[in-house]
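S.K.: Below you will find the structure I want to go over with you.
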Amino acid sequence: MNALLHQILSGLATGGIYASVALALVMIYQATHLVNFAQGELAMFSTYIAWALIEAGVPYWGAFALTVVFAFVLGVVIERVIVRPVEDAPILAIVIVFIALLVIFNSMAGWIFTYTIKPFPSPFPTEPLFGNSYLSSHELGSMGITLVVLLLLFVFFRFTPLGLAMRAAAQNPVSSRLVGIRVGWMLALGWGLAAAIGAIAGMMVAPVVFLEPNMMGGILLYAFAGALLGGIDSPGGAVIGGFIVGVLENVVGAYVGTELKLTVALVLIVGVLVVRPSGMFGQVHVNRV
Amino acid sequence: MNAALLDVRGLHARYGPTRVLHGIDFAVAEAGITTILGANGAGKTTALRAVCNMIKNEGEVRLGGARIDGRPTEAIVRLGVAHVPDGRGTFMNLSVEENLRLGAHTRRDRAGVAADCERMYEHFPRLKERHRQQAGTLSGGEQQMLAVSRALMLRPRLLLLDEPSFGLAPRIVQHLFEILRTIQASERIGMLLVEQNAALALKLADHAYLLETGRVVMSGPSEVIRSDESIRRSYLGY
């Protein structure tokens, strides 16, 4: 029983990472109706920036903050300079742009920082917090940071005029212009926020998986699975889906076998999607005309 | 028409290769109501869209004397031009109240926005009953009330109305038009009204233009147009 509890809690810790990346995917999806395949590589590249800052002697939390700002600006610039010109292009063209971004950031990281696997520091102490034996302090700490990020985003989108305008711009750009919303900037802001969330996820997962240019590959896949499971058009659903995938992955890995964990997780996800194609929490849109 | 709030000259517009407007002139007086009448496909909706630059157009558009043609839609809105678009433009997945708050997106006076929200609820109590409900679940008539309210939340100088009577029960249309008249009188908002229901529009408006396949074929004070039997028979069909 204790072992199971341990697996579930530790699954929640990685699930938080998937939940963050899943949320970033959903934010871009809502605006573009496309999955940003480069989301993981942006997070990985930002984590390298954090690593470089720490190597240069910047204290951890300073590097953390600078990296989040860097990722935000990077996201905004990518939207304005690279995604904007292909906005009205056919879907395949945009997909190619996303894949190109993935490859570019992957090779750029390898070229600048080499492909050698690097350890990445955790800001949390090595001995378990509060004397608990279930979770390492890094797992507990990263879960806490994930929850704070998710809560801040919820408050931002739910209760601030800017958050409302961003939701409106993603859902209905034509009407948004008619109430004076600068839709272009709202979309760029969305990219910035998604990149910043990804960067935090990257910095939280790097101490566990170690830093290398391909570190986000598997995580992006699980996050995507989580987003689909919860509902790709539902931010809350994607977050819950991310946590579920994290727990599943861990429990299946412990009791069924590591080599099967990806398979079992994906089979369960496909099962849910067969029953509910819009995901567990995906909205079934009600429009009256 | 001196001191025109909106003055449009030589307006051309097209959808791709299809030319829809062939150089039309029209104007809305300060605190006046102008209506553009015409059959389906005459270019009425296109004229409204061209005023706030939602489609490709050429020509001079002046608001309060200053050229606004060629400026981005959101910039024109920020100058005080609100639009109740064709199809109502509801933010389907947001609540009724959020739709209203978005209408006031460009305003910074929080207290004024809250007061205006309450004012809209007084005009349309149905919206208050449903203020937390997802706007996509409202009936067509309720969405039309929401669209008008959302546009008024901007506190516009000029209100563009695209067939506000569309799909509404006659009793609700009466109510909506009474409210438009009250608001126009008390706040001196200029209105540009596009309507298929010519009788209704001519009663509300002070000036009318008759559009036929992208050209103005007749214009003048509503009174004159209303009382001219031959125009009524041949163009307005009532």
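Convention: chains lettered A, B, ... in structure tokens order; per-chain residue numbering from 1; ligands numbered from 1 as shown.
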Counting only C-alpha atoms, a student should be able to say which residues of chain B come within 8 Å of chain A; what is the right answer, written as a list in words?
M.R.: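 Written out as asked, the residues are Thr73, Glu74, Ala75, Ile76, Val77, Arg78, Ala82, His83, Gly89, Thr90, Phe91, Met92, Asn93, Leu94, Glu98, Leu102, Gly103, Ala104, His105, Thr106, Gly136, Thr137, Leu138, Ser139, Gly140, Ala151 and Leu154 of chain B.
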S.K.: Contacts of segment 49-56 of chain A at 8 Å or less, counting only C-alpha atoms, minus same-chain residues fewer than 4 places along, as a PyMOL selection string?
M.R.: chain A and resi 45+60+63-64+66-67+120+203
S.K.: Can you spit out the residues from that selection as a tab-separated table (two decimals), in the first residue's frame, using N, CA and C atoms?
M.R.:
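Just written: result.tsv:
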chain	number	residue	atom	x	y	z
A	45	PHE	N	15.56	24.68	-24.77
A	45	PHE	CA	16.52	25.74	-25.08
A	45	PHE	C	16.57	26.75	-23.93
A	60	TYR	N	20.59	30.72	-8.26
A	60	TYR	CA	19.57	29.92	-8.92
A	60	TYR	C	18.30	30.71	-9.22
A	63	ALA	N	18.64	33.26	-11.93
A	63	ALA	CA	18.69	32.62	-13.24
A	63	ALA	C	17.30	32.16	-13.65
A	64	PHE	N	16.54	31.64	-12.67
A	64	PHE	CA	15.18	31.18	-12.91
A	64	PHE	C	14.33	32.32	-13.49
A	66	LEU	N	15.30	35.25	-14.79
A	66	LEU	CA	15.79	35.73	-16.08
A	66	LEU	C	15.38	34.79	-17.21
A	67	THR	N	15.42	33.48	-16.93
A	67	THR	CA	15.07	32.50	-17.95
A	67	THR	C	13.60	32.61	-18.33
A	120	PHE	N	21.75	19.31	-13.99
A	120	PHE	CA	21.13	20.62	-13.79
A	120	PHE	C	20.73	20.70	-12.32
A	203	MET	N	12.95	23.66	-16.46
A	203	MET	CA	13.88	23.82	-15.33
A	203	MET	C	13.54	22.87	-14.18
S.K.: List the spatial neighbours of segment 101-107 of chain A as a VMD selection string - criterion: any atom at most 7 Å away, only C-alpha atoms, same-chain residues fewer than 6 positions off excluded.
M.R.: chain A and resid 37 to 38 41 to 42 45 213
S.K.: Output the selection as a PDB file, in the first residue's frame - N, CA and C atoms for each residue.
M.R.:
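The resulting file, part.pdb, is shown below:
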ATOM      1  N   PHE A  37       4.515  21.767 -32.160  1.00  0.00           N
ATOM      2  CA  PHE A  37       5.471  20.683 -31.913  1.00  0.00           C
ATOM      3  C   PHE A  37       6.771  21.200 -31.310  1.00  0.00           C
ATOM      4  N   ALA A  38       7.046  22.491 -31.473  1.00  0.00           N
ATOM      5  CA  ALA A  38       8.305  23.038 -30.990  1.00  0.00           C
ATOM      6  C   ALA A  38       8.239  23.439 -29.514  1.00  0.00           C
ATOM      7  N   GLU A  41      10.984  21.901 -27.408  1.00  0.00           N
ATOM      8  CA  GLU A  41      12.342  22.360 -27.714  1.00  0.00           C
ATOM      9  C   GLU A  41      12.560  23.777 -27.196  1.00  0.00           C
ATOM     10  N   LEU A  42      11.514  24.609 -27.229  1.00  0.00           N
ATOM     11  CA  LEU A  42      11.630  25.955 -26.658  1.00  0.00           C
ATOM     12  C   LEU A  42      11.952  25.847 -25.172  1.00  0.00           C
ATOM     13  N   PHE A  45      15.560  24.679 -24.773  1.00  0.00           N
ATOM     14  CA  PHE A  45      16.517  25.742 -25.078  1.00  0.00           C
ATOM     15  C   PHE A  45      16.566  26.754 -23.935  1.00  0.00           C
ATOM     16  N   PRO A 213      19.923  18.078 -25.434  1.00  0.00           N
ATOM     17  CA  PRO A 213      19.008  18.656 -26.434  1.00  0.00           C
ATOM     18  C   PRO A 213      17.731  17.846 -26.662  1.00  0.00           C
TER      19      PRO A 213
END
S.K.: When you look at segment 18-20 of chain A with a cut-off of 8 Å (counting only C-alpha atoms), what residues show up, excluding the ones that are within fewer than 4 positions of it in the same chain? I need them as JSON, numbers by chain.
M.R.: {"A": [14, 24, 146, 150, 197, 198, 201, 219, 220, 222, 223, 226, 227, 238, 239, 240, 241, 242, 243, 245, 246]}
S.K.: Write a file of the selected residues as a PDB file, in the first residue's frame, keeping C-alpha atoms.
M.R.:
ATOM      1  CA  THR A  14       6.057  14.327 -12.983  1.00  0.00           C
ATOM      2  CA  ALA A  24       1.139  25.497 -22.989  1.00  0.00           C
ATOM      3  CA  THR A 146       3.731  23.860 -10.827  1.00  0.00           C
ATOM      4  CA  LEU A 150      -1.260  26.990 -12.652  1.00  0.00           C
ATOM      5  CA  ILE A 197       5.353  28.039 -18.740  1.00  0.00           C
ATOM      6  CA  GLY A 198       7.407  25.586 -20.808  1.00  0.00           C
ATOM      7  CA  ALA A 201       8.587  22.980 -16.690  1.00  0.00           C
ATOM      8  CA  ILE A 219       7.825  14.818 -22.090  1.00  0.00           C
ATOM      9  CA  LEU A 220       6.155  16.557 -25.032  1.00  0.00           C
ATOM     10  CA  TYR A 222       3.197  12.595 -22.564  1.00  0.00           C
ATOM     11  CA  ALA A 223       2.005  16.196 -22.311  1.00  0.00           C
ATOM     12  CA  GLY A 226      -2.480  14.466 -21.305  1.00  0.00           C
ATOM     13  CA  ALA A 227      -3.904  17.362 -23.307  1.00  0.00           C
ATOM     14  CA  ALA A 238      -5.422  19.459 -20.079  1.00  0.00           C
ATOM     15  CA  VAL A 239      -3.956  20.097 -16.643  1.00  0.00           C
ATOM     16  CA  ILE A 240      -5.920  17.246 -15.085  1.00  0.00           C
ATOM     17  CA  GLY A 241      -5.059  15.042 -18.062  1.00  0.00           C
ATOM     18  CA  GLY A 242      -1.366  15.809 -17.537  1.00  0.00           C
ATOM     19  CA  PHE A 243      -1.543  14.740 -13.895  1.00  0.00           C
ATOM     20  CA  VAL A 245      -0.856  10.599 -17.430  1.00  0.00           C
ATOM     21  CA  GLY A 246       1.940  11.219 -14.913  1.00  0.00           C
TER      22      GLY A 246
END
S.K.: Report as JSON, numbers by chain: the residues of segment 27-211 of chain B with a DSSP assignment of strand (DSSP E or B), based on the backbone of this structure.
M.R.: {"B": [27, 28, 29, 33, 34, 35, 36, 37, 38, 57, 58, 59, 60, 61, 62, 63, 66, 67, 81, 82, 83, 84, 95, 134, 158, 159, 160, 161, 162, 190, 191, 192, 193, 194, 195, 207, 208, 209, 210, 211]}
